[in-house]
file data-v9.csv (CSV, C-alpha atoms)
chain,number,residue,atom,x,y,z
A,1,MET,CA,48.1,-62.0,31.6
A,2,PRO,CA,47.5,-58.7,33.1
A,3,GLY,CA,51.3,-57.9,33.1
A,4,VAL,CA,51.6,-59.0,29.5
A,5,ASN,CA,48.6,-56.9,28.4
A,6,ALA,CA,50.0,-53.9,30.2
A,7,GLY,CA,53.4,-54.3,28.6
A,8,PHE,CA,51.8,-54.7,25.2
A,9,PHE,CA,49.8,-51.5,25.4
A,10,SER,CA,52.7,-49.6,26.9
A,11,ALA,CA,54.9,-50.6,24.0
A,12,HIS,CA,52.2,-49.8,21.5
A,13,ALA,CA,51.8,-46.3,23.0
A,14,MET,CA,55.5,-45.7,22.9
A,15,LYS,CA,55.5,-46.7,19.3
A,16,GLU,CA,52.7,-44.2,18.4
A,17,THR,CA,54.4,-41.4,20.2
A,18,ASP,CA,58.1,-42.1,19.5
A,19,PRO,CA,59.2,-39.9,16.6
A,20,ASP,CA,61.9,-42.4,15.7
A,21,SER,CA,59.6,-45.4,15.6
A,22,ASN,CA,59.2,-45.9,11.8
A,23,GLY,CA,57.6,-42.4,11.3
A,24,THR,CA,54.3,-43.4,13.0
A,25,SER,CA,54.0,-39.9,14.6
A,26,ARG,CA,54.3,-38.2,11.3
A,27,SER,CA,51.6,-40.5,9.9
A,28,CYS,CA,49.3,-39.7,12.8
A,29,TRP,CA,49.7,-35.9,12.8
A,30,ARG,CA,50.3,-35.0,9.2
A,31,HIS,CA,46.5,-34.3,8.6
A,32,TRP,CA,46.1,-31.9,11.5
A,33,PRO,CA,47.3,-28.8,9.6
A,34,TRP,CA,44.7,-29.4,6.9
A,35,LEU,CA,42.0,-30.0,9.5
A,36,ALA,CA,43.0,-26.9,11.4
A,37,GLY,CA,43.1,-24.8,8.2
A,38,GLY,CA,39.7,-26.1,7.1
A,39,ALA,CA,38.3,-25.2,10.5
A,40,VAL,CA,39.7,-21.7,10.2
A,41,VAL,CA,38.2,-21.3,6.7
A,42,ILE,CA,34.8,-22.4,8.0
A,43,VAL,CA,35.0,-20.0,10.9
A,44,LEU,CA,36.0,-17.2,8.5
A,45,LEU,CA,33.1,-18.1,6.2
A,46,LEU,CA,30.6,-18.2,9.0
A,47,ALA,CA,31.9,-14.8,10.2
A,48,PHE,CA,31.7,-13.4,6.7
A,49,PHE,CA,28.0,-14.5,6.3
A,50,ALA,CA,27.1,-13.4,9.8
A,51,THR,CA,28.9,-10.0,9.7
A,52,ASP,CA,26.3,-7.2,9.4
A,53,GLU,CA,26.5,-3.5,8.8
A,54,PRO,CA,25.1,-0.8,11.0
A,55,ALA,CA,21.5,-0.1,10.2
A,56,GLN,CA,20.7,3.4,8.9
A,57,PRO,CA,18.2,5.5,11.0
A,58,ASN,CA,14.8,4.3,9.9
A,59,ARG,CA,13.3,7.4,8.2
A,60,LEU,CA,10.1,5.5,7.5
A,61,ARG,CA,8.1,5.8,10.7
A,62,LEU,CA,4.4,6.3,10.4
A,63,GLU,CA,4.2,8.6,13.4
A,64,LYS,CA,6.5,11.0,11.5
A,65,LEU,CA,5.1,10.5,8.0
A,66,SER,CA,1.5,11.0,9.3
A,67,PRO,CA,1.7,12.6,12.7
A,68,ALA,CA,-1.3,12.8,14.9
A,69,PHE,CA,-3.1,16.1,15.4
A,70,SER,CA,-5.8,17.5,17.6
A,71,GLY,CA,-9.0,15.6,17.0
A,72,ALA,CA,-7.3,12.8,15.1
A,73,ALA,CA,-8.4,10.1,17.6
A,74,ILE,CA,-12.1,11.1,17.3
A,75,SER,CA,-12.2,11.2,13.5
A,76,ASP,CA,-10.2,7.9,13.4
A,77,GLU,CA,-12.7,6.3,15.6
A,78,VAL,CA,-15.6,7.4,13.5
A,79,LEU,CA,-13.9,6.4,10.3
A,80,LEU,CA,-13.3,2.9,11.6
A,81,ARG,CA,-17.0,2.3,12.3
A,82,PHE,CA,-17.0,0.2,9.2
A,83,THR,CA,-14.2,-2.4,9.2
A,84,GLY,CA,-14.0,-5.9,7.9
A,85,ASP,CA,-17.0,-8.0,7.0
A,86,ASN,CA,-19.9,-5.9,8.4
A,87,GLU,CA,-22.5,-6.0,5.6
A,88,ARG,CA,-25.1,-6.9,8.1
A,89,ILE,CA,-24.7,-3.4,9.6
A,90,TRP,CA,-25.3,-1.4,6.4
A,91,GLY,CA,-27.2,-3.9,4.2
A,92,SER,CA,-25.0,-3.7,1.0
A,93,PRO,CA,-27.7,-2.7,-1.5
A,94,ARG,CA,-26.8,-3.7,-5.1
A,95,ARG,CA,-30.1,-3.6,-6.9
A,96,MET,CA,-29.0,-1.1,-9.5
A,97,ILE,CA,-25.9,-3.2,-10.4
A,98,LEU,CA,-27.6,-6.5,-10.5
A,99,GLY,CA,-30.1,-5.3,-13.1
A,100,THR,CA,-27.6,-4.2,-15.6
A,101,ASN,CA,-26.6,-5.8,-18.9
A,102,ALA,CA,-24.0,-5.2,-21.6
A,103,THR,CA,-25.8,-2.1,-22.9
A,104,MET,CA,-25.5,-0.3,-19.5
A,105,SER,CA,-22.6,0.9,-17.4
A,106,SER,CA,-22.4,2.5,-13.9
A,107,ASP,CA,-19.2,4.2,-15.0
A,108,PRO,CA,-19.8,7.8,-16.0
A,109,VAL,CA,-16.9,7.7,-18.4
A,110,ASP,CA,-18.9,5.6,-20.8
A,111,THR,CA,-21.5,8.3,-21.3
A,112,VAL,CA,-23.9,6.5,-23.7
A,113,LYS,CA,-24.1,3.3,-21.5
A,114,PHE,CA,-24.2,5.4,-18.4
A,115,ARG,CA,-27.2,7.4,-19.7
A,116,HIS,CA,-29.0,4.2,-20.6
A,117,PHE,CA,-28.2,2.8,-17.1
A,118,LEU,CA,-29.6,5.9,-15.5
A,119,ASN,CA,-32.8,5.8,-17.5
A,120,THR,CA,-33.3,2.0,-17.1
A,121,GLN,CA,-32.3,1.6,-13.5
A,122,ARG,CA,-34.0,4.7,-12.0
A,123,THR,CA,-36.1,2.9,-9.5
A,124,GLU,CA,-33.3,0.6,-8.4
A,125,ILE,CA,-31.0,3.6,-8.0
A,126,GLU,CA,-33.5,5.4,-5.8
A,127,ALA,CA,-34.0,2.2,-3.7
A,128,ASP,CA,-30.3,1.6,-3.2
A,129,TRP,CA,-29.8,5.3,-2.2
A,130,ALA,CA,-32.5,5.0,0.4
A,131,ASP,CA,-31.1,1.8,1.8
A,132,LEU,CA,-27.7,3.4,2.2
A,133,ALA,CA,-29.0,5.8,4.8
A,134,VAL,CA,-26.7,4.4,7.5
A,135,VAL,CA,-23.6,4.9,5.3
A,136,ARG,CA,-24.8,8.3,4.1
A,137,ASN,CA,-25.2,9.5,7.7
A,138,TRP,CA,-21.7,8.1,8.5
A,139,TRP,CA,-20.3,9.9,5.4
A,140,ASP,CA,-21.9,13.2,6.5
A,141,GLU,CA,-20.4,12.8,9.9
A,142,LEU,CA,-17.0,12.4,8.4
A,143,ALA,CA,-17.5,15.4,6.1
A,144,ALA,CA,-18.0,17.6,9.2
A,145,PHE,CA,-14.4,16.9,10.3
A,146,GLU,CA,-11.9,19.4,9.1
A,147,ARG,CA,-9.3,16.6,8.9
A,148,LEU,CA,-9.5,12.8,9.1
A,149,GLY,CA,-6.8,11.2,11.3
A,150,ASP,CA,-5.2,7.8,11.0
A,151,LEU,CA,-3.6,6.4,14.1
A,152,SER,CA,-2.7,2.9,12.7
A,153,PRO,CA,0.5,1.7,14.4
A,154,GLY,CA,1.6,-0.1,11.2
A,155,THR,CA,1.4,-3.7,12.5
A,156,PRO,CA,0.2,-6.6,10.5
A,157,GLY,CA,-3.0,-6.8,12.5
A,158,ASP,CA,-4.1,-3.1,12.0
A,159,ARG,CA,-7.7,-2.3,11.7
A,160,THR,CA,-8.5,-0.7,8.4
A,161,ILE,CA,-11.6,0.8,6.8
A,162,SER,CA,-13.7,-1.4,4.6
A,163,PHE,CA,-13.9,-0.6,0.9
A,164,GLN,CA,-17.3,-2.2,0.4
A,165,PRO,CA,-19.6,0.5,2.0
A,166,ILE,CA,-17.5,3.3,0.5
A,167,ARG,CA,-17.7,1.8,-3.0
A,168,ALA,CA,-21.4,1.3,-2.7
A,169,TYR,CA,-21.9,4.8,-1.5
A,170,THR,CA,-19.7,6.5,-4.1
A,171,GLN,CA,-21.2,4.4,-7.0
A,172,THR,CA,-24.7,5.1,-5.9
A,173,ALA,CA,-24.0,8.8,-5.3
A,174,ALA,CA,-22.6,9.1,-8.9
A,175,ALA,CA,-25.7,7.4,-10.2
A,176,VAL,CA,-28.0,9.7,-8.2
A,177,ALA,CA,-26.1,12.8,-9.4
A,178,GLY,CA,-26.3,11.5,-13.0
A,179,ARG,CA,-30.0,11.0,-12.7
A,180,GLU,CA,-30.4,14.6,-11.3
A,181,ALA,CA,-28.3,15.9,-14.2
A,182,VAL,CA,-30.5,14.1,-16.8
A,183,ASP,CA,-33.5,15.8,-15.2
A,184,GLY,CA,-31.8,19.2,-15.5
A,185,ASN,CA,-31.0,19.6,-11.8
A,186,GLY,CA,-27.3,20.5,-11.9
A,187,ASP,CA,-27.4,22.1,-8.4
A,188,ALA,CA,-29.0,19.0,-6.9
A,189,ALA,CA,-26.5,16.8,-8.7
A,190,PHE,CA,-23.5,18.7,-7.2
A,191,ALA,CA,-25.1,18.8,-3.8
A,192,ILE,CA,-25.0,14.9,-3.9
A,193,LEU,CA,-21.4,14.9,-5.0
A,194,GLN,CA,-20.1,17.6,-2.6
A,195,PRO,CA,-19.8,15.6,0.7
A,196,ALA,CA,-18.6,12.6,-1.3
A,197,ILE,CA,-15.6,14.4,-2.8
A,198,GLU,CA,-14.9,16.2,0.5
A,199,VAL,CA,-14.4,13.0,2.4
A,200,ALA,CA,-12.6,11.2,-0.4
A,201,ARG,CA,-10.1,14.1,-0.5
A,202,LYS,CA,-9.7,14.2,3.4
A,203,LEU,CA,-8.9,10.4,3.5
A,204,GLU,CA,-5.6,10.9,1.8
A,205,PRO,CA,-3.3,13.4,3.6
A,206,ALA,CA,-3.0,11.7,7.0
A,207,SER,CA,-3.2,8.1,5.6
A,208,ARG,CA,-0.9,5.6,7.1
A,209,SER,CA,-1.6,2.8,4.6
A,210,LEU,CA,-1.7,2.2,0.9
A,211,ILE,CA,-5.1,0.6,1.2
A,212,ARG,CA,-6.6,3.8,2.6
A,213,SER,CA,-4.8,5.9,0.0
A,214,MET,CA,-6.1,3.8,-2.8
A,215,ILE,CA,-9.6,3.8,-1.5
A,216,SER,CA,-9.4,7.6,-1.5
A,217,ARG,CA,-8.0,7.7,-5.1
A,218,VAL,CA,-10.5,5.2,-6.5
A,219,SER,CA,-13.4,7.2,-4.9
A,220,GLN,CA,-12.0,10.5,-6.2
A,221,ARG,CA,-11.7,9.2,-9.7
A,222,LEU,CA,-15.3,8.0,-9.8
A,223,LEU,CA,-16.6,11.2,-8.3
A,224,ILE,CA,-14.6,13.4,-10.7
A,225,ASP,CA,-15.9,11.4,-13.7
A,226,ALA,CA,-19.5,11.9,-12.3
A,227,ALA,CA,-19.0,15.6,-11.9
A,228,THR,CA,-17.7,15.8,-15.4
A,229,TYR,CA,-20.8,14.0,-16.7
A,230,VAL,CA,-23.0,16.5,-14.8
A,231,LEU,CA,-21.2,19.4,-16.4
A,232,ASP,CA,-21.5,17.8,-19.8
A,233,THR,CA,-25.2,17.2,-19.3
A,234,THR,CA,-26.7,20.3,-17.6
A,235,GLU,CA,-26.0,23.7,-16.2
A,236,VAL,CA,-24.5,24.0,-12.8
A,237,PRO,CA,-24.6,27.2,-10.7
A,238,PRO,CA,-21.3,29.0,-10.2
A,239,GLU,CA,-21.5,28.7,-6.4
A,240,ALA,CA,-21.8,24.9,-6.6
A,241,LYS,CA,-18.9,24.8,-9.0
A,242,ALA,CA,-16.8,26.9,-6.8
A,243,ARG,CA,-17.5,24.7,-3.7
A,244,PHE,CA,-16.6,21.6,-5.7
A,245,ALA,CA,-13.4,23.2,-7.0
A,246,GLU,CA,-12.4,24.1,-3.4
A,247,ALA,CA,-12.9,20.6,-2.2
A,248,LEU,CA,-10.8,19.2,-5.1
A,249,GLY,CA,-8.0,21.7,-4.3
A,250,ASN,CA,-7.9,20.6,-0.6
A,251,GLY,CA,-6.0,17.5,0.5
A,252,SER,CA,-2.8,16.2,-1.0
A,253,GLY,CA,-1.6,15.5,-4.5
A,254,GLY,CA,1.2,16.1,-6.9
A,255,PRO,CA,4.8,14.8,-6.3
A,256,GLU,CA,4.5,14.9,-2.5
A,257,GLY,CA,1.3,12.9,-2.6
A,258,ALA,CA,3.0,10.2,-4.7
A,259,ARG,CA,6.0,10.1,-2.3
A,260,HIS,CA,3.7,9.8,0.7
A,261,MET,CA,1.8,6.8,-0.7
A,262,ILE,CA,5.1,4.9,-1.2
A,263,ALA,CA,6.6,6.0,2.1
A,264,VAL,CA,3.7,4.9,4.3
A,265,GLU,CA,3.5,1.5,2.5
A,266,THR,CA,7.2,0.8,2.8
A,267,ALA,CA,7.2,2.1,6.4
A,268,ARG,CA,5.1,-1.0,7.3
A,269,GLY,CA,7.8,-3.2,5.7
A,270,ALA,CA,10.6,-1.4,7.5
A,271,TYR,CA,8.7,-2.0,10.8
A,272,LEU,CA,8.8,-5.8,10.2
A,273,LEU,CA,12.4,-5.8,9.1
A,274,GLU,CA,13.6,-4.0,12.2
A,275,ASP,CA,12.7,-7.1,14.3
A,276,PRO,CA,11.4,-9.9,12.0
A,277,PHE,CA,12.0,-12.6,14.6
A,278,ARG,CA,9.3,-11.1,16.8
A,279,ARG,CA,7.2,-9.3,14.2
A,280,MET,CA,7.0,-11.9,11.4
A,281,PRO,CA,5.1,-15.1,11.7
A,282,GLY,CA,6.2,-18.6,10.6
A,283,ASP,CA,9.4,-19.7,9.1
A,284,LEU,CA,10.5,-16.3,7.8
A,285,GLY,CA,10.5,-15.0,11.4
A,286,ALA,CA,12.4,-18.0,12.7
A,287,MET,CA,15.0,-17.8,10.0
A,288,ALA,CA,15.7,-14.2,11.0
A,289,ALA,CA,17.1,-15.5,14.3
A,290,ILE,CA,20.1,-17.1,12.5
A,291,PRO,CA,22.8,-14.5,11.9
A,292,ILE,CA,24.5,-16.4,9.0
A,293,LEU,CA,21.1,-16.5,7.2
A,294,TYR,CA,19.8,-13.0,8.0
A,295,ASN,CA,21.6,-9.7,8.4
A,296,PRO,CA,19.1,-7.2,9.8
A,297,GLY,CA,21.1,-4.1,9.3
A,298,ARG,CA,22.1,-4.9,5.7
A,299,THR,CA,18.5,-5.9,4.8
A,300,LEU,CA,16.9,-2.8,6.3
A,301,ASN,CA,19.4,-0.5,4.6
A,302,ALA,CA,18.8,-2.1,1.2
A,303,TYR,CA,15.0,-1.7,1.7
A,304,LEU,CA,15.3,2.0,2.8
A,305,GLU,CA,17.5,2.7,-0.3
A,306,TRP,CA,15.0,1.0,-2.6
A,307,SER,CA,12.1,3.0,-1.0
A,308,ALA,CA,13.9,6.3,-1.5
A,309,ARG,CA,14.5,5.5,-5.2
A,310,MET,CA,10.9,4.5,-5.7
A,311,GLN,CA,9.7,7.7,-4.1
A,312,ASP,CA,11.9,9.8,-6.3
A,313,LEU,CA,10.8,8.0,-9.5
A,314,ALA,CA,7.1,8.2,-8.5
A,315,ALA,CA,7.4,12.0,-7.8
A,316,ARG,CA,8.9,12.4,-11.3
A,317,ARG,CA,6.2,10.2,-12.8
A,318,ASP,CA,8.8,7.8,-14.2
A,319,ILE,CA,6.6,4.7,-13.9
A,320,ALA,CA,8.4,2.6,-16.5
A,321,THR,CA,11.7,3.0,-14.6
A,322,MET,CA,10.0,1.9,-11.4
A,323,ASP,CA,9.2,-1.5,-12.9
A,324,THR,CA,12.5,-2.1,-14.6
A,325,LEU,CA,14.6,-0.9,-11.6
A,326,THR,CA,12.7,-3.1,-9.1
A,327,GLU,CA,12.9,-6.2,-11.4
A,328,ALA,CA,16.6,-5.7,-11.9
A,329,TRP,CA,17.1,-5.0,-8.2
A,330,LEU,CA,15.4,-8.2,-7.1
A,331,LYS,CA,17.2,-10.3,-9.8
A,332,GLY,CA,20.5,-8.8,-8.6
A,333,SER,CA,19.9,-10.1,-5.1
A,334,ALA,CA,18.5,-6.7,-3.9
A,335,GLY,CA,22.0,-5.4,-3.8
A,336,LEU,CA,22.9,-7.8,-1.0
A,337,GLY,CA,25.6,-9.8,-2.8
A,338,VAL,CA,26.3,-13.5,-2.1
A,339,ARG,CA,25.4,-13.4,1.5
A,340,ASN,CA,22.2,-12.7,3.6
A,341,LEU,CA,20.0,-15.4,2.0
A,342,GLY,CA,17.3,-14.7,4.5
A,343,GLY,CA,17.3,-10.9,3.7
A,344,LYS,CA,16.9,-11.7,0.0
A,345,MET,CA,14.0,-14.0,0.7
A,346,LEU,CA,12.3,-11.4,2.9
A,347,LEU,CA,12.7,-8.6,0.4
A,348,GLN,CA,11.3,-10.7,-2.4
A,349,GLN,CA,8.2,-11.3,-0.3
A,350,MET,CA,7.8,-7.8,0.9
A,351,VAL,CA,8.6,-5.5,-2.0
A,352,PRO,CA,5.2,-4.3,-3.4
A,353,ALA,CA,4.3,-3.8,-7.1
A,354,LEU,CA,4.0,0.0,-7.1
A,355,SER,CA,4.0,0.9,-10.8
A,356,LYS,CA,0.3,0.3,-11.4
A,357,VAL,CA,-0.6,2.1,-8.2
A,358,MET,CA,1.4,5.2,-9.3
A,359,ASP,CA,0.0,5.0,-12.8
A,360,SER,CA,-3.5,5.2,-11.4
A,361,TYR,CA,-2.5,8.0,-9.0
A,362,TRP,CA,-1.2,10.2,-11.7
A,363,LYS,CA,-4.1,9.6,-14.1
A,364,THR,CA,-6.4,10.7,-11.3
A,365,GLU,CA,-4.3,13.7,-10.7
A,366,ASP,CA,-4.6,14.7,-14.4
A,367,LYS,CA,-8.4,14.4,-14.1
A,368,ARG,CA,-8.5,16.4,-10.9
A,369,GLU,CA,-6.4,19.2,-12.2
A,370,ALA,CA,-8.4,19.3,-15.5
A,371,LEU,CA,-11.7,19.5,-13.6
A,372,ILE,CA,-10.5,22.3,-11.3
A,373,LYS,CA,-9.5,24.3,-14.3
A,374,ARG,CA,-12.9,23.7,-16.0
A,375,LEU,CA,-14.8,24.6,-12.8
A,376,GLN,CA,-12.9,27.8,-12.5
A,377,GLU,CA,-13.6,28.9,-16.1
A,378,PRO,CA,-15.9,31.9,-16.3
A,379,GLY,CA,-19.3,31.6,-17.8
A,380,PRO,CA,-21.4,28.4,-18.3
A,381,ALA,CA,-19.3,25.3,-18.7
A,382,ALA,CA,-22.1,23.0,-19.6
A,383,LYS,CA,-24.3,21.7,-22.3
A,384,PRO,CA,-28.1,22.2,-22.2
A,385,ALA,CA,-30.1,19.8,-20.1
A,386,GLY,CA,-31.4,16.7,-21.9
A,387,ARG,CA,-28.8,16.6,-24.6
A,388,LYS,CA,-29.1,13.9,-27.3
A,389,GLU,CA,-27.1,10.8,-26.8
call {"tool": "encode", "arguments": {"input": "data-v9.csv", "output": "structure tokens"}}
result
Amino acid sequence: MPGVNAGFFSAHAMKETDPDSNGTSRSCWRHWPWLAGGAVVIVLLLAFFATDEPAQPNRLRLEKLSPAFSGAAISDEVLLRFTGDNERIWGSPRRMILGTNATMSSDPVDTVKFRHFLNTQRTEIEADWADLAVVRNWWDELAAFERLGDLSPGTPGDRTISFQPIRAYTQTAAAVAGREAVDGNGDAAFAILQPAIEVARKLEPASRSLIRSMISRVSQRLLIDAATYVLDTTEVPPEAKARFAEALGNGSGGPEGARHMIAVETARGAYLLEDPFRRMPGDLGAMAAIPILYNPGRTLNAYLEWSARMQDLAARRDIATMDTLTEAWLKGSAGLGVRNLGGKMLLQQMVPALSKVMDSYWKTEDKREALIKRLQEPGPAAKPAGRKE
């Protein structure tokens, strides 16, 4: 039996390998060219999807956009005294707001409702202003700095200033100034607003985050509206107007200010895109480790090009084009073509909506420039105290 079995398998093997044995060899090997060709196609496709392009030099680095300066560390430390959820430190007084109704407004733009708010909530305004002593002292300390630094490294876990105490301070300062204006004390009203606008303006030039820049802009707009209300309500001494105009003229603004806001925000995205595997949490970061899904150079280049175009449009105040271009860019796979699926997903998650931010920025610029012009006009630029509503 062993001999028979050996002979059988030997003959079978010869039949499989003998080219003249009924064409069995051709039947066995005829699929290999197709398999080999398919393997080559797969390899070429994988190479195509994995092939990256050299990354452009990353121009969006926070240390270059907002370089440190002498004294930056000290001012940054003071500025970050209020971060996160720290209402227990400063109390968060809101009496004047809680007592309002539809006939009142804490917004100086609505002059009639604001005047009613000032008259009705006088006691509450005074109580809130007294309770903000810690924040007011902090603000005065910040006002003493010539410049306010920002040393944020641009990482997702950055510490950032809290908007809550700043909003409470600026809203209450606007109300106190309005109350002084109603009483005919224009000098006292501007004395309240002076340190507020100085710090709001100083927050912006060295900012390394869109959050800080927007806090600055929102505060500026409220304080500009409050100063305008004071000028419309009572007389203000020329010296007080000159000091306020000087503070409004300091800091940043115009096209370069718009560019800076977008640059620092997109710099944070560029930081993540340079090494998403280590810098991004979760599945997005893990996906970045697979070359056929994510091309780091191609993704970073597309992001930098988009940022440059947004900066140019923002500087020209072309807000409508910012929206349409970004929408078309994302729908068109962010200029990445058919490959780099991971890059497209990352960009769709990271590209911020900037048009509303820039619209608010330029409207605040309009108000700032108009108020500077008004403050610099010769002669009294005010209405008599106690005007009729």
call {"tool": "atom_distance", "arguments": {"input": "data-v9.csv", "atom1": "CA of Gly186 (chain A)", "atom2": "CA of Glu365 (chain A)"}}
result
24.0 Å
call {"tool": "atom_distance", "arguments": {"input": "data-v9.csv", "atom1": "CA of Ser209 (chain A)", "atom2": "CA of Glu265 (chain A)"}}
result
5.7 Å
call {"tool": "closest_residue", "arguments": {"input": "data-v9.csv", "among": "A:Gly343, A:Glu63, A:Ser252, A:Tyr229", "to": "Tyr294 (chain A)", "atoms": "all atoms listed in the file"}}
result
A:Gly343
call {"tool": "atom_distance", "arguments": {"input": "data-v9.csv", "atom1": "CA of Ile192 (chain A)", "atom2": "CA of Ser213 (chain A)"}}
result
22.5 Å
call {"tool": "residues_around", "arguments": {"input": "data-v9.csv", "residues": "Leu375 (chain A)", "least_positions_apart": "2", "cutoff": "12 Å", "atoms": "only C-alpha atoms", "output": "PyMOL selection string"}}
result
chain A and resi 190+224+227-228+230-232+235-249+368-373+377-382
call {"tool": "residues_near_point", "arguments": {"input": "data-v9.csv", "point": "(4.3, -1.3, -10.7)", "cutoff": "12 Å", "atoms": "only C-alpha atoms", "output": "list of chain:residue names"}}
result
A:Ile262, A:Met310, A:Leu313, A:Ala314, A:Arg317, A:Asp318, A:Ile319, A:Ala320, A:Thr321, A:Met322, A:Asp323, A:Thr324, A:Leu325, A:Thr326, A:Glu327, A:Val351, A:Pro352, A:Ala353, A:Leu354, A:Ser355, A:Lys356, A:Val357, A:Met358, A:Asp359, A:Ser360, A:Tyr361
call {"tool": "closest_residue", "arguments": {"input": "data-v9.csv", "among": "A:Arg81, A:Lys331, A:Arg94, A:Arg122", "to": "Arg159 (chain A)", "atoms": "all atoms listed in the file"}}
result
A:Arg81
call {"tool": "closest_residue", "arguments": {"input": "data-v9.csv", "among": "A:Leu272, A:Ile166, A:Ala181, A:Leu62", "to": "Gln220 (chain A)", "atoms": "only C-alpha atoms"}}
result
A:Ile166
call {"tool": "build_atoms", "arguments": {"input": "data-v9.csv", "residues": "region 358-375 of chain A", "atoms": "N, CA and C atoms", "output": "JSON list (two decimals), in the coordinates of the input"}}
result
[["chain", "number", "residue", "atom", "x", "y", "z"],
["A", 358, "MET", "N", 0.99, 3.82, -8.92],
["A", 358, "MET", "CA", 1.40, 5.20, -9.30],
["A", 358, "MET", "C", 0.83, 5.63, -10.60],
["A", 359, "ASP", "N", 0.66, 4.70, -11.52],
["A", 359, "ASP", "CA", 0.00, 5.00, -12.80],
["A", 359, "ASP", "C", -1.39, 5.53, -12.57],
["A", 360, "SER", "N", -2.14, 4.81, -11.74],
["A", 360, "SER", "CA", -3.50, 5.20, -11.40],
["A", 360, "SER", "C", -3.51, 6.53, -10.66],
["A", 361, "TYR", "N", -2.57, 6.71, -9.75],
["A", 361, "TYR", "CA", -2.50, 8.00, -9.00],
["A", 361, "TYR", "C", -2.34, 9.16, -9.91],
["A", 362, "TRP", "N", -1.42, 9.09, -10.86],
["A", 362, "TRP", "CA", -1.20, 10.20, -11.70],
["A", 362, "TRP", "C", -2.29, 10.47, -12.72],
["A", 363, "LYS", "N", -2.94, 9.42, -13.17],
["A", 363, "LYS", "CA", -4.10, 9.60, -14.10],
["A", 363, "LYS", "C", -5.23, 10.31, -13.32],
["A", 364, "THR", "N", -5.42, 9.96, -12.05],
["A", 364, "THR", "CA", -6.40, 10.70, -11.30],
["A", 364, "THR", "C", -6.03, 12.12, -11.04],
["A", 365, "GLU", "N", -4.74, 12.37, -10.84],
["A", 365, "GLU", "CA", -4.30, 13.70, -10.70],
["A", 365, "GLU", "C", -4.56, 14.57, -11.96],
["A", 366, "ASP", "N", -4.35, 13.96, -13.13],
["A", 366, "ASP", "CA", -4.60, 14.70, -14.40],
["A", 366, "ASP", "C", -6.11, 15.06, -14.45],
["A", 367, "LYS", "N", -6.98, 14.13, -14.08],
["A", 367, "LYS", "CA", -8.40, 14.40, -14.10],
["A", 367, "LYS", "C", -8.79, 15.48, -13.09],
["A", 368, "ARG", "N", -8.20, 15.41, -11.93],
["A", 368, "ARG", "CA", -8.50, 16.40, -10.90],
["A", 368, "ARG", "C", -8.11, 17.78, -11.31],
["A", 369, "GLU", "N", -6.90, 17.93, -11.83],
["A", 369, "GLU", "CA", -6.40, 19.20, -12.20],
["A", 369, "GLU", "C", -7.25, 19.79, -13.42],
["A", 370, "ALA", "N", -7.62, 18.91, -14.33],
["A", 370, "ALA", "CA", -8.40, 19.30, -15.50],
["A", 370, "ALA", "C", -9.80, 19.81, -15.04],
["A", 371, "LEU", "N", -10.40, 19.10, -14.08],
["A", 371, "LEU", "CA", -11.70, 19.50, -13.60],
["A", 371, "LEU", "C", -11.67, 20.79, -12.82],
["A", 372, "ILE", "N", -10.64, 20.99, -12.00],
["A", 372, "ILE", "CA", -10.50, 22.30, -11.30],
["A", 372, "ILE", "C", -10.42, 23.42, -12.27],
["A", 373, "LYS", "N", -9.62, 23.24, -13.30],
["A", 373, "LYS", "CA", -9.50, 24.30, -14.30],
["A", 373, "LYS", "C", -10.83, 24.57, -14.98],
["A", 374, "ARG", "N", -11.56, 23.51, -15.29],
["A", 374, "ARG", "CA", -12.90, 23.70, -16.00],
["A", 374, "ARG", "C", -13.87, 24.37, -15.03],
["A", 375, "LEU", "N", -13.88, 24.00, -13.76],
["A", 375, "LEU", "CA", -14.80, 24.60, -12.80],
["A", 375, "LEU", "C", -14.53, 26.07, -12.57]]
